[in-house]
Structure formats: structure tokens, C-alpha cells
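Have a look at model30.pdb; it's PDB, C-alpha atoms and all ligand atoms:
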```pdb
ATOM      1  CA  MET A   1       9.506  58.462 -46.259
ATOM      2  CA  GLN A   2       6.067  57.750 -47.647
ATOM      3  CA  ASN A   3       7.255  54.265 -48.593
ATOM      4  CA  ARG A   4       7.395  53.575 -44.924
ATOM      5  CA  PHE A   5       3.656  53.259 -44.696
ATOM      6  CA  LYS A   6       3.026  50.718 -47.388
ATOM      7  CA  ASP A   7       2.060  47.155 -46.494
ATOM      8  CA  ASP A   8       5.481  45.848 -47.319
ATOM      9  CA  ALA A   9       7.197  48.489 -45.220
ATOM     10  CA  ILE A  10       9.349  46.009 -43.326
ATOM     11  CA  SER A  11      11.059  44.637 -46.414
ATOM     12  CA  ASP A  12      11.291  48.092 -47.984
ATOM     13  CA  PRO A  13      14.886  49.413 -47.892
ATOM     14  CA  ALA A  14      13.519  52.968 -47.921
ATOM     15  CA  HIS A  15      11.767  52.259 -44.603
ATOM     16  CA  THR A  16      12.749  55.104 -42.311
ATOM     17  CA  GLY A  17      10.209  54.701 -39.527
ATOM     18  CA  PRO A  18      10.938  53.220 -36.118
ATOM     19  CA  ARG A  19      11.441  49.488 -35.925
ATOM     20  CA  HIS A  20      10.945  49.417 -32.155
ATOM     21  CA  VAL A  21       8.544  51.801 -30.413
ATOM     22  CA  ALA A  22       8.206  51.900 -26.626
ATOM     23  CA  ILE A  23       5.227  53.604 -25.002
ATOM     24  CA  ILE A  24       4.748  54.967 -21.490
ATOM     25  CA  MET A  25       0.959  54.685 -21.335
ATOM     26  CA  ASP A  26       0.249  57.493 -18.892
ATOM     27  CA  GLY A  27      -2.849  59.496 -17.966
ATOM     28  CA  ASN A  28      -5.471  56.849 -17.178
ATOM     29  CA  GLY A  29      -6.126  58.252 -13.714
ATOM     30  CA  ARG A  30      -6.588  61.830 -14.918
ATOM     31  CA  TRP A  31      -8.825  60.661 -17.760
ATOM     32  CA  ALA A  32     -11.127  58.975 -15.227
ATOM     33  CA  THR A  33     -11.020  61.894 -12.776
ATOM     34  CA  GLN A  34     -12.048  64.276 -15.559
ATOM     35  CA  ARG A  35     -15.151  62.143 -15.945
ATOM     36  CA  GLY A  36     -15.851  61.949 -12.220
ATOM     37  CA  ARG A  37     -15.071  58.234 -12.196
ATOM     38  CA  PRO A  38     -12.669  56.109 -10.108
ATOM     39  CA  ARG A  39      -9.108  55.729 -11.396
ATOM     40  CA  LEU A  40      -9.676  52.071 -12.279
ATOM     41  CA  PHE A  41     -12.276  53.133 -14.814
ATOM     42  CA  GLY A  42      -9.425  54.910 -16.591
ATOM     43  CA  HIS A  43      -7.196  51.842 -16.419
ATOM     44  CA  HIS A  44      -9.898  49.735 -18.055
ATOM     45  CA  ALA A  45     -10.356  52.329 -20.801
ATOM     46  CA  GLY A  46      -6.578  52.429 -21.238
ATOM     47  CA  ALA A  47      -6.310  48.661 -21.615
ATOM     48  CA  ARG A  48      -8.878  48.813 -24.420
ATOM     49  CA  ARG A  49      -6.612  51.160 -26.429
ATOM     50  CA  VAL A  50      -3.782  48.660 -26.632
ATOM     51  CA  ARG A  51      -5.236  46.441 -29.339
ATOM     52  CA  GLU A  52      -5.645  49.249 -31.873
ATOM     53  CA  VAL A  53      -2.046  50.358 -31.424
ATOM     54  CA  VAL A  54      -0.752  46.790 -31.709
ATOM     55  CA  GLU A  55      -2.766  46.218 -34.866
ATOM     56  CA  THR A  56      -1.413  49.409 -36.444
ATOM     57  CA  CYS A  57       2.185  48.200 -36.143
ATOM     58  CA  PRO A  58       2.402  46.014 -39.269
ATOM     59  CA  ASP A  59       0.856  48.768 -41.410
ATOM     60  CA  ILE A  60       3.626  51.191 -40.533
ATOM     61  CA  GLY A  61       6.545  48.781 -40.274
ATOM     62  CA  VAL A  62       6.852  48.686 -36.487
ATOM     63  CA  GLU A  63       8.173  45.231 -35.632
ATOM     64  CA  TYR A  64       8.564  45.670 -31.880
ATOM     65  CA  LEU A  65       6.177  47.446 -29.529
ATOM     66  CA  THR A  66       6.991  47.669 -25.825
ATOM     67  CA  ILE A  67       4.404  49.054 -23.429
ATOM     68  CA  PHE A  68       4.809  50.144 -19.814
ATOM     69  CA  ALA A  69       1.905  48.676 -17.851
ATOM     70  CA  PHE A  70       3.118  48.765 -14.225
ATOM     71  CA  SER A  71       6.322  50.129 -12.721
ATOM     72  CA  THR A  72       8.313  48.946  -9.719
ATOM     73  CA  GLU A  73       7.196  52.211  -8.085
ATOM     74  CA  ASN A  74       3.476  51.743  -8.802
ATOM     75  CA  TRP A  75       3.147  49.540  -5.685
ATOM     76  CA  LYS A  76       3.105  52.835  -3.757
ATOM     77  CA  ARG A  77      -0.486  53.417  -4.933
ATOM     78  CA  THR A  78      -3.496  52.537  -2.793
ATOM     79  CA  GLN A  79      -4.199  48.889  -2.175
ATOM     80  CA  VAL A  80      -7.487  49.272  -4.068
ATOM     81  CA  GLU A  81      -5.752  50.606  -7.180
ATOM     82  CA  VAL A  82      -2.926  48.041  -7.091
ATOM     83  CA  ALA A  83      -5.336  45.126  -6.573
ATOM     84  CA  GLY A  84      -7.586  46.494  -9.324
ATOM     85  CA  LEU A  85      -4.665  46.744 -11.727
ATOM     86  CA  MET A  86      -3.484  43.193 -10.956
ATOM     87  CA  SER A  87      -6.989  41.889 -11.555
ATOM     88  CA  LEU A  88      -7.165  43.905 -14.788
ATOM     89  CA  PHE A  89      -3.894  42.356 -15.995
ATOM     90  CA  ARG A  90      -5.242  38.858 -15.298
ATOM     91  CA  ARG A  91      -8.500  39.577 -17.075
ATOM     92  CA  TYR A  92      -6.751  41.331 -19.947
ATOM     93  CA  ILE A  93      -4.500  38.358 -20.651
ATOM     94  CA  ALA A  94      -7.345  35.849 -20.394
ATOM     95  CA  LYS A  95      -9.580  37.935 -22.650
ATOM     96  CA  GLU A  96      -7.044  39.119 -25.244
ATOM     97  CA  ALA A  97      -4.900  35.990 -25.636
ATOM     98  CA  ARG A  98      -6.898  34.607 -28.551
ATOM     99  CA  ALA A  99      -7.081  37.888 -30.492
ATOM    100  CA  LEU A 100      -3.373  38.587 -29.996
ATOM    101  CA  ASP A 101      -2.461  35.108 -31.185
ATOM    102  CA  ASP A 102      -4.841  35.260 -34.163
ATOM    103  CA  PHE A 103      -3.265  38.541 -35.247
ATOM    104  CA  GLY A 104       0.211  36.997 -35.141
ATOM    105  CA  VAL A 105       1.477  38.829 -32.071
ATOM    106  CA  ARG A 106       4.326  37.356 -30.084
ATOM    107  CA  VAL A 107       3.945  38.477 -26.482
ATOM    108  CA  ARG A 108       6.791  38.757 -24.002
ATOM    109  CA  PHE A 109       6.844  40.156 -20.477
ATOM    110  CA  ILE A 110       9.694  42.061 -18.869
ATOM    111  CA  GLY A 111      10.068  43.085 -15.245
ATOM    112  CA  ASP A 112      10.506  41.263 -11.962
ATOM    113  CA  ARG A 113       7.912  38.528 -11.549
ATOM    114  CA  VAL A 114       8.789  37.799  -7.927
ATOM    115  CA  ARG A 115       6.183  40.163  -6.475
ATOM    116  CA  LEU A 116       3.380  39.158  -8.836
ATOM    117  CA  ASP A 117       0.735  36.649  -7.815
ATOM    118  CA  LYS A 118       0.970  33.062  -8.996
ATOM    119  CA  LYS A 119      -2.212  33.158 -11.062
ATOM    120  CA  LEU A 120      -0.971  36.155 -13.001
ATOM    121  CA  ILE A 121       2.479  34.617 -13.542
ATOM    122  CA  LYS A 122       0.839  31.456 -14.881
ATOM    123  CA  LEU A 123      -1.251  33.461 -17.360
ATOM    124  CA  MET A 124       1.852  35.392 -18.460
ATOM    125  CA  ASP A 125       3.811  32.172 -19.006
ATOM    126  CA  GLU A 126       0.939  30.605 -20.941
ATOM    127  CA  LEU A 127       0.555  33.636 -23.198
ATOM    128  CA  GLU A 128       4.292  33.666 -23.935
ATOM    129  CA  VAL A 129       4.200  29.993 -24.849
ATOM    130  CA  LEU A 130       0.976  30.281 -26.881
ATOM    131  CA  THR A 131       2.349  33.111 -29.005
ATOM    132  CA  SER A 132       5.983  31.997 -29.190
ATOM    133  CA  GLY A 133       5.732  31.024 -32.860
ATOM    134  CA  ASN A 134       4.319  34.382 -34.021
ATOM    135  CA  THR A 135       6.385  36.943 -35.886
ATOM    136  CA  ARG A 136       4.038  39.678 -37.157
ATOM    137  CA  VAL A 137       4.361  41.980 -34.133
ATOM    138  CA  ASN A 138       6.592  41.566 -31.087
ATOM    139  CA  LEU A 139       4.649  42.960 -28.156
ATOM    140  CA  THR A 140       6.546  43.302 -24.892
ATOM    141  CA  ILE A 141       4.589  44.185 -21.776
ATOM    142  CA  ALA A 142       6.586  45.745 -18.934
ATOM    143  CA  LEU A 143       4.952  44.603 -15.719
ATOM    144  CA  ASN A 144       6.545  45.338 -12.362
ATOM    145  CA  TYR A 145       9.331  46.790 -14.459
ATOM    146  CA  GLY A 146      11.888  49.400 -13.453
ATOM    147  CA  GLY A 147      15.019  50.248 -15.430
ATOM    148  CA  ARG A 148      17.189  50.501 -12.339
ATOM    149  CA  ASP A 149      15.750  47.311 -10.898
ATOM    150  CA  GLU A 150      16.448  45.526 -14.195
ATOM    151  CA  VAL A 151      20.102  46.653 -14.232
ATOM    152  CA  ALA A 152      20.502  45.684 -10.567
ATOM    153  CA  ARG A 153      19.016  42.219 -11.174
ATOM    154  CA  ALA A 154      21.218  41.763 -14.263
ATOM    155  CA  THR A 155      24.295  42.803 -12.291
ATOM    156  CA  LYS A 156      23.482  40.330  -9.548
ATOM    157  CA  ARG A 157      23.178  37.463 -12.024
ATOM    158  CA  LEU A 158      26.401  38.497 -13.716
ATOM    159  CA  ALA A 159      28.162  38.692 -10.333
ATOM    160  CA  LEU A 160      26.964  35.199  -9.479
ATOM    161  CA  GLU A 161      28.461  33.895 -12.732
ATOM    162  CA  VAL A 162      31.735  35.648 -11.949
ATOM    163  CA  ALA A 163      31.737  34.237  -8.411
ATOM    164  CA  ALA A 164      31.081  30.748  -9.809
ATOM    165  CA  GLY A 165      34.105  31.111 -12.064
ATOM    166  CA  ASN A 166      32.039  31.007 -15.286
ATOM    167  CA  ILE A 167      32.875  34.560 -16.373
ATOM    168  CA  ASP A 168      36.282  36.236 -16.187
ATOM    169  CA  PRO A 169      35.688  39.669 -14.574
ATOM    170  CA  GLU A 170      38.210  41.171 -17.009
ATOM    171  CA  THR A 171      35.804  40.382 -19.865
ATOM    172  CA  VAL A 172      32.854  42.238 -18.340
ATOM    173  CA  ASP A 173      31.763  44.989 -20.712
ATOM    174  CA  GLU A 174      28.479  46.429 -22.026
ATOM    175  CA  ALA A 175      27.735  43.374 -24.154
ATOM    176  CA  ALA A 176      28.352  41.085 -21.177
ATOM    177  CA  LEU A 177      25.818  42.957 -19.051
ATOM    178  CA  VAL A 178      23.221  43.224 -21.838
ATOM    179  CA  LYS A 179      23.010  39.421 -21.904
ATOM    180  CA  PHE A 180      21.456  39.537 -18.438
ATOM    181  CA  LEU A 181      18.895  42.271 -19.087
ATOM    182  CA  ASP A 182      15.198  41.326 -19.406
ATOM    183  CA  THR A 183      15.261  42.780 -22.917
ATOM    184  CA  GLN A 184      18.155  40.605 -24.046
ATOM    185  CA  VAL A 185      16.448  39.421 -27.232
ATOM    186  CA  LEU A 186      14.993  42.809 -28.201
ATOM    187  CA  PRO A 187      16.585  45.583 -30.251
ATOM    188  CA  ASP A 188      16.902  48.943 -28.489
ATOM    189  CA  PRO A 189      13.865  51.199 -28.893
ATOM    190  CA  ASP A 190      14.124  53.766 -31.682
ATOM    191  CA  LEU A 191      11.248  55.885 -30.440
ATOM    192  CA  VAL A 192       9.828  56.309 -26.942
ATOM    193  CA  ILE A 193       6.386  57.902 -26.696
ATOM    194  CA  ARG A 194       4.901  59.180 -23.435
ATOM    195  CA  THR A 195       1.306  60.300 -23.255
ATOM    196  CA  SER A 196      -0.376  62.659 -20.760
ATOM    197  CA  GLY A 197       1.964  65.654 -21.013
ATOM    198  CA  GLU A 198       4.572  64.476 -18.504
ATOM    199  CA  ALA A 199       8.095  64.882 -19.888
ATOM    200  CA  ARG A 200       9.943  62.261 -17.861
ATOM    201  CA  ILE A 201      11.052  58.666 -18.206
ATOM    202  CA  SER A 202       9.861  57.318 -14.847
ATOM    203  CA  ASN A 203      12.431  54.496 -14.825
ATOM    204  CA  PHE A 204      11.442  53.003 -18.201
ATOM    205  CA  LEU A 205      14.096  51.234 -20.339
ATOM    206  CA  LEU A 206      16.898  53.428 -18.988
ATOM    207  CA  TRP A 207      19.754  51.438 -20.469
ATOM    208  CA  GLN A 208      18.043  50.588 -23.761
ATOM    209  CA  SER A 209      16.865  54.147 -24.546
ATOM    210  CA  ALA A 210      20.303  55.751 -24.467
ATOM    211  CA  TYR A 211      19.922  56.868 -28.088
ATOM    212  CA  ALA A 212      16.152  56.685 -28.544
ATOM    213  CA  GLU A 213      14.166  59.616 -29.888
ATOM    214  CA  TYR A 214      11.415  60.852 -27.571
ATOM    215  CA  GLU A 215       7.918  62.152 -28.161
ATOM    216  CA  PHE A 216       5.891  63.596 -25.304
ATOM    217  CA  VAL A 217       2.257  64.184 -26.217
ATOM    218  CA  ASP A 218      -0.554  65.743 -24.166
ATOM    219  CA  THR A 219      -3.129  63.101 -25.099
ATOM    220  CA  LEU A 220      -4.198  60.994 -22.129
ATOM    221  CA  TRP A 221      -3.587  57.307 -22.844
ATOM    222  CA  PRO A 222      -7.300  56.281 -23.122
ATOM    223  CA  ASP A 223      -7.639  58.854 -25.946
ATOM    224  CA  PHE A 224      -4.517  57.741 -27.852
ATOM    225  CA  SER A 225      -5.411  56.641 -31.377
ATOM    226  CA  ARG A 226      -4.108  54.832 -34.404
ATOM    227  CA  GLU A 227      -3.875  58.205 -36.180
ATOM    228  CA  GLU A 228      -1.682  59.769 -33.503
ATOM    229  CA  PHE A 229       0.541  56.715 -33.322
ATOM    230  CA  THR A 230       0.970  56.751 -37.102
ATOM    231  CA  ARG A 231       1.720  60.480 -37.096
ATOM    232  CA  LEU A 232       4.404  60.146 -34.396
ATOM    233  CA  CYS A 233       6.061  57.272 -36.238
ATOM    234  CA  ALA A 234       6.037  59.268 -39.485
ATOM    235  CA  LYS A 235       7.592  62.242 -37.691
ATOM    236  CA  TYR A 236      10.349  59.980 -36.415
ATOM    237  CA  GLY A 237      11.220  59.118 -40.012
ATOM    238  CA  SER A 238      12.118  62.732 -40.698
ATOM    239  CA  ARG A 239      14.564  63.054 -37.805
ATOM    240  CA  GLU A 240      18.311  62.719 -38.096
ATOM    241  CA  ARG A 241      19.890  60.345 -35.584
ATOM    242  CA  ARG A 242      23.616  60.858 -35.043
ATOM    243  CA  PHE A 243      24.513  58.409 -32.246
ATOM    244  CA  GLY A 244      27.291  60.730 -31.111
ATOM    245  CA  GLY A 245      28.838  61.044 -34.562
ATOM    246  CA  VAL A 246      28.527  63.803 -37.151
ATOM    247  CA  LYS A 247      26.378  64.009 -40.260
ATOM    248  CA  THR A 248      28.104  62.350 -43.194
TER
HETATM  249  C1  LIG B 301      -0.774  55.109 -16.232
HETATM  250  O1  LIG B 301      -1.776  55.965 -15.832
HETATM  251  C2  LIG B 301      -1.049  53.684 -15.875
HETATM  252  C3  LIG B 301      -0.255  53.170 -14.744
HETATM  253  C4  LIG B 301       0.720  53.788 -14.150
HETATM  254  C5  LIG B 301      -0.604  51.853 -14.263
HETATM  255  P1  LIG B 301      -1.773  56.663 -14.410
HETATM  256  O2  LIG B 301      -2.510  55.795 -13.462
HETATM  257  O3  LIG B 301      -0.404  57.000 -13.976
HETATM  258  O4  LIG B 301      -2.622  57.973 -14.697
HETATM  259  P2  LIG B 301      -2.353  59.422 -14.114
HETATM  260  O5  LIG B 301      -0.925  59.776 -14.415
HETATM  261  O6  LIG B 301      -2.600  59.346 -12.644
HETATM  262  O7  LIG B 301      -3.331  60.289 -14.825
HETATM  263  C1  LIG B 302       4.828  55.491 -15.444
HETATM  264  O1  LIG B 302       3.769  56.292 -15.098
HETATM  265  C2  LIG B 302       4.462  54.050 -15.297
HETATM  266  C3  LIG B 302       3.485  53.535 -16.244
HETATM  267  C4  LIG B 302       2.938  54.179 -17.227
HETATM  268  C5  LIG B 302       3.133  52.144 -16.065
HETATM  269  P1  LIG B 302       3.594  56.889 -13.613
HETATM  270  O2  LIG B 302       2.330  57.669 -13.632
HETATM  271  O3  LIG B 302       3.705  55.799 -12.620
HETATM  272  O4  LIG B 302       4.863  57.849 -13.463
HETATM  273  P2  LIG B 302       5.060  59.130 -12.562
HETATM  274  O5  LIG B 302       4.712  58.759 -11.168
HETATM  275  O6  LIG B 302       4.146  60.178 -13.104
HETATM  276  O7  LIG B 302       6.491  59.508 -12.755
HETATM  277 MG    MG B 303       0.741  58.625 -14.237
END
```

Produce C-alpha cells that represent the structure in this file.
Amino acid sequence: MQNRFKDDAISDPAHTGPRHVAIIMDGNGRWATQRGRPRLFGHHAGARRVREVVETCPDIGVEYLTIFAFSTENWKRTQVEVAGLMSLFRRYIAKEARALDDFGVRVRFIGDRVRLDKKLIKLMDELEVLTSGNTRVNLTIALNYGGRDEVARATKRLALEVAAGNIDPETVDEAALVKFLDTQVLPDPDLVIRTSGEARISNFLLWQSAYAEYEFVDTLWPDFSREEFTRLCAKYGSRERRFGGVKT
């Protein structure tokens, strides 16, 4: 298990850590409230934690990192908070693009873009194109993402193909549906981490996390560190995953 944390962890056959980690970055609002500051102060502090976690990935053999930035339900928040978050996402992309690219991060976005503003969509597209040749870390940012919404959108696209006569309905199975999910090119997450002490999924990667391991930690997202991330990934390596079978 220790081998897992050497530089060459990815090519190491003894690598037992998670290859794909997904994180529900929760607790920004409470972190700010504890300090007597507006919730957006917490969101800004939270955004600053992302780089350290991304840059830890190659050291511990994590090839894919998927982070939940905004859910399809987060539109229910006040107009001030939603507008502040959208502006933060725009600024974050503009400010971090260079550093992410220099580090070798390939960035992808998942979620429904339809409700996002044009300026933000343009920045997202540009960042995906800019980093499309990178392979060191695959960072996927879930923005206006909901697991149910994703499955519904995938089903609609599949139904349209069936209606057009391009897909025989008799052939529709799990693999056929997966091709229409936003995460089509990504492996399923091995480990899902949620910060802030809430033990729920809140509509994140519902389909993909069917056999993921889960870690719920009390740390509020703006306090999450490289050390805690490394510890949770190491703990994963000591778990036994059965995928419905029995130990052999
Ligand atoms: C997570 O932090 C970030 C987003 C949902 C955008 P929260 O804003 O949910 O923080 P809490 O849960 O209110 O503390
Ligand atoms: C989940 O957190 C969404 C993100 C982290 C982006 P929420 O704070 O929105 O989830 P609930 O409302 O506590 O379930
Ligand atoms: Mg929350």
C-alpha cells in the first residue's frame, strides 16, 4: 500500500489507491458564517483550496478528480449568492487557466450548460480546448450538474436516436445509456469524498457511484488540505471492494 504514494504510483502494479476521486466540496457557507462573513467569502476561500488538491493528485496516483461546484438545485439560493457564484466561476477560470495548463491538467466540464451565461460557457469551452492535450491530471468540474438531470438528458438523446431509427430499442442496455452521459469518457469514481459533515449525495454522480466507496468528513471545504486528501486516499487502499461478489 505504501507503494501507492511514490512518484511512479500510476505505473506501479501495487497501486491500490483510488484512480478516480470525486469530491462534494461542501461547507463554504458555514465556514464564512463562523467568521461573521457573507457566504460568498466562503465560496472564494473554497475555490482557493482546489489547486492544492489538484496538485496532490499525481503524487498519490489519482488520475481523475471530479469536483462538484454547482448543482442543478443550487439555483434555489438567493439571487445574490447565485450571481456571486457565477461571477466566481468566470473569474476562477480566467485566473487559473494558465496554472492548470502549466501543471498538465486536462479540464472538462459536466452538467447542463443551457442555463449558464454565454460568457461563462465561452470560458469553459476555451479552457477545455486549451488543456485538451494534457494528461497529468484529469480534472472534471461539475457545474449546473445533477445526477438525475444527467440521466434524464441522456435518456432524451437516446430516445431521439431510437425515434430517428439509428438505434434498435431492443439493443438498449446499460452500455447504450452510458454513451449519452456527460461522463462518457471518464471511469467511474472509486472514492467519493464529502466535506462538512453531511452524509448525503445531493444528486452527485448517482449512476457512476453505484460501487464507489464513500468518505464523509467533518472538515469544512475551505479547511480541506493536501494531508487530509492524502490520508483519505490511503485509507481507501486498505478497503476491500466486492462489487456484489464474494472475497476470493
Ligand atoms: C458548497 O458549500 C458550495 C456550493 C454548494 C456552491 P455550501 O454553500 O453548500 O456551504 P454550506 O453547506 O451552506 O455550509
Ligand atoms: C452539494 O451541496 C452541491 C455542491 C457541493 C456543489 P449542497 O450544500 O447544495 O447540498 P445540500 O443542499 O446540503 O444537500
Ligand atoms: Mg452545503

With distances taken over only C-alpha atoms, which residue among A:Asp112, A:Asp102, A:Glu228, A:Glu55 lies nearest Ile141 (chain A)? A:Asp112

Box centre and edge lengths (Å, one decimal), axis-aligned, region 131-138 of chain A plus 5 Å each side, as JSON:
```
{"center_x": 4.5, "center_y": 36.5, "center_z": -33.1, "size_x": 14.2, "size_y": 21.0, "size_z": 18.2}
```

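Evaluated on this file, the PyMOL selection byres (((chain A and resi 27-41) around 9) and not hetatm) matches Met25, Asp26, Gly42, His43, His44, Ala45, Gly46, Val80, Glu81, Gly84, Leu85, Leu88, Thr195, Ser196, Gly197, Glu198, Thr219, Leu220, Trp221, Pro222 and Asp223 of chain A.
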
Distance criterion (only C-alpha atoms): nearest to Arg49 (chain A) out of A:Ala83, A:Ile67, A:Leu206, A:Ala199: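 Between A:Ala83, A:Ile67, A:Leu206, A:Ala199, the residue approaching Arg49 (chain A) most closely is A:Ile67.
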
Take the PyMOL selection byres (((chain A and resi 232) around 12) and not hetatm), run it mentally on this structure, and tell me the resulting residues as an NGL selection string. :A and (17-18 or 21-23 or 60 or 62 or 190-195 or 213-217 or 224-231 or 233-239)

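Restricting the calculation to all atoms listed in the file, the smallest distance between Leu143 (chain A) and any of A:Asn166, A:Ser71, A:Thr248, A:Gln79 is found for A:Ser71.
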
Residues selected by the PyMOL selection byres (((chain A and resi 145) around 12) and not hetatm), written as a ChimeraX atom specification: /A:24,66-75,109-116,140-144,146-153,181-183,202-206

Residues from last step as file, C-alpha atoms, as a PDB file, in the frame of the given file:
```pdb
ATOM      1  CA  ILE A  24       4.748  54.967 -21.490  1.00  0.00           C
ATOM      2  CA  THR A  66       6.991  47.669 -25.825  1.00  0.00           C
ATOM      3  CA  ILE A  67       4.404  49.054 -23.429  1.00  0.00           C
ATOM      4  CA  PHE A  68       4.809  50.144 -19.814  1.00  0.00           C
ATOM      5  CA  ALA A  69       1.905  48.676 -17.851  1.00  0.00           C
ATOM      6  CA  PHE A  70       3.118  48.765 -14.225  1.00  0.00           C
ATOM      7  CA  SER A  71       6.322  50.129 -12.721  1.00  0.00           C
ATOM      8  CA  THR A  72       8.313  48.946  -9.719  1.00  0.00           C
ATOM      9  CA  GLU A  73       7.196  52.211  -8.085  1.00  0.00           C
ATOM     10  CA  ASN A  74       3.476  51.743  -8.802  1.00  0.00           C
ATOM     11  CA  TRP A  75       3.147  49.540  -5.685  1.00  0.00           C
ATOM     12  CA  PHE A 109       6.844  40.156 -20.477  1.00  0.00           C
ATOM     13  CA  ILE A 110       9.694  42.061 -18.869  1.00  0.00           C
ATOM     14  CA  GLY A 111      10.068  43.085 -15.245  1.00  0.00           C
ATOM     15  CA  ASP A 112      10.506  41.263 -11.962  1.00  0.00           C
ATOM     16  CA  ARG A 113       7.912  38.528 -11.549  1.00  0.00           C
ATOM     17  CA  VAL A 114       8.789  37.799  -7.927  1.00  0.00           C
ATOM     18  CA  ARG A 115       6.183  40.163  -6.475  1.00  0.00           C
ATOM     19  CA  LEU A 116       3.380  39.158  -8.836  1.00  0.00           C
ATOM     20  CA  THR A 140       6.546  43.302 -24.892  1.00  0.00           C
ATOM     21  CA  ILE A 141       4.589  44.185 -21.776  1.00  0.00           C
ATOM     22  CA  ALA A 142       6.586  45.745 -18.934  1.00  0.00           C
ATOM     23  CA  LEU A 143       4.952  44.603 -15.719  1.00  0.00           C
ATOM     24  CA  ASN A 144       6.545  45.338 -12.362  1.00  0.00           C
ATOM     25  CA  GLY A 146      11.888  49.400 -13.453  1.00  0.00           C
ATOM     26  CA  GLY A 147      15.019  50.248 -15.430  1.00  0.00           C
ATOM     27  CA  ARG A 148      17.189  50.501 -12.339  1.00  0.00           C
ATOM     28  CA  ASP A 149      15.750  47.311 -10.898  1.00  0.00           C
ATOM     29  CA  GLU A 150      16.448  45.526 -14.195  1.00  0.00           C
ATOM     30  CA  VAL A 151      20.102  46.653 -14.232  1.00  0.00           C
ATOM     31  CA  ALA A 152      20.502  45.684 -10.567  1.00  0.00           C
ATOM     32  CA  ARG A 153      19.016  42.219 -11.174  1.00  0.00           C
ATOM     33  CA  LEU A 181      18.895  42.271 -19.087  1.00  0.00           C
ATOM     34  CA  ASP A 182      15.198  41.326 -19.406  1.00  0.00           C
ATOM     35  CA  THR A 183      15.261  42.780 -22.917  1.00  0.00           C
ATOM     36  CA  SER A 202       9.861  57.318 -14.847  1.00  0.00           C
ATOM     37  CA  ASN A 203      12.431  54.496 -14.825  1.00  0.00           C
ATOM     38  CA  PHE A 204      11.442  53.003 -18.201  1.00  0.00           C
ATOM     39  CA  LEU A 205      14.096  51.234 -20.339  1.00  0.00           C
ATOM     40  CA  LEU A 206      16.898  53.428 -18.988  1.00  0.00           C
TER      41      LEU A 206
END
```

From the options A:Ala47, A:Ile121, A:Val178, A:Ala163, which residue's atoms come nearest to ligand LIG 301 (chain B), counting all atoms listed in the file? A:Ala47

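Between CA of Arg48 (chain A) and CA of Asp101 (chain A) there is a distance of 16.6 Å.
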
From the list A:Met86, A:Leu130, A:Cys57, A:Leu186, which residue is nearest ligand LIG 301 (chain B) when using all atoms listed in the file?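 Ranking A:Met86, A:Leu130, A:Cys57, A:Leu186 by distance to ligand LIG 301 (chain B), first place goes to A:Met86.
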
Do you have the CA of Asp59 (chain A)-CA of Asn134 (chain A) distance handy? 16.5 Å

One number please: CA of Leu120 (chain A) to CA of Glu161 (chain A), in Å, one decimal. 29.5 Å

Some atoms are absent from region 35-48 of chain A, so rebuild N, CA, C and O atoms and return them as a short mmCIF file (atom, residue, chain, number, x, y, z; two decimals), in the coordinates of the input.
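The file below, selection-v6.cif, is the result:
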```
data_model
loop_
_atom_site.label_atom_id
_atom_site.label_comp_id
_atom_site.auth_asym_id
_atom_site.auth_seq_id
_atom_site.Cartn_x
_atom_site.Cartn_y
_atom_site.Cartn_z
N ARG A 35 -13.78 62.63 -15.73
CA ARG A 35 -15.15 62.14 -15.94
C ARG A 35 -15.88 61.83 -14.65
O ARG A 35 -16.95 61.22 -14.66
N GLY A 36 -15.24 62.19 -13.53
CA GLY A 36 -15.85 61.95 -12.22
C GLY A 36 -15.94 60.48 -11.87
O GLY A 36 -16.81 60.06 -11.10
N ARG A 37 -15.04 59.68 -12.43
CA ARG A 37 -15.07 58.23 -12.20
C ARG A 37 -13.82 57.80 -11.44
O ARG A 37 -12.81 58.49 -11.43
N PRO A 38 -13.86 56.60 -10.82
CA PRO A 38 -12.67 56.11 -10.11
C PRO A 38 -11.51 55.83 -11.08
O PRO A 38 -11.73 55.53 -12.26
N ARG A 39 -10.30 55.89 -10.55
CA ARG A 39 -9.11 55.73 -11.40
C ARG A 39 -9.12 54.42 -12.19
O ARG A 39 -8.67 54.37 -13.33
N LEU A 40 -9.67 53.36 -11.58
CA LEU A 40 -9.68 52.07 -12.28
C LEU A 40 -10.49 52.10 -13.56
O LEU A 40 -10.20 51.37 -14.52
N PHE A 41 -11.49 52.96 -13.59
CA PHE A 41 -12.28 53.13 -14.81
C PHE A 41 -11.34 53.57 -15.95
O PHE A 41 -11.45 53.10 -17.09
N GLY A 42 -10.41 54.44 -15.61
CA GLY A 42 -9.43 54.91 -16.59
C GLY A 42 -8.48 53.79 -17.01
O GLY A 42 -8.10 53.69 -18.19
N HIS A 43 -8.10 52.95 -16.07
CA HIS A 43 -7.20 51.84 -16.42
C HIS A 43 -7.88 50.86 -17.38
O HIS A 43 -7.25 50.33 -18.30
N HIS A 44 -9.16 50.63 -17.15
CA HIS A 44 -9.90 49.74 -18.06
C HIS A 44 -9.99 50.35 -19.45
O HIS A 44 -9.80 49.66 -20.46
N ALA A 45 -10.28 51.64 -19.50
CA ALA A 45 -10.36 52.33 -20.80
C ALA A 45 -8.99 52.29 -21.48
O ALA A 45 -8.89 52.10 -22.70
N GLY A 46 -7.94 52.45 -20.70
CA GLY A 46 -6.58 52.43 -21.24
C GLY A 46 -6.24 51.08 -21.83
O GLY A 46 -5.66 50.98 -22.92
N ALA A 47 -6.61 50.02 -21.13
CA ALA A 47 -6.31 48.66 -21.62
C ALA A 47 -6.98 48.43 -22.97
O ALA A 47 -6.43 47.76 -23.84
N ARG A 48 -8.16 49.01 -23.15
CA ARG A 48 -8.88 48.81 -24.42
C ARG A 48 -8.19 49.51 -25.60
O ARG A 48 -8.49 49.21 -26.75
#
```
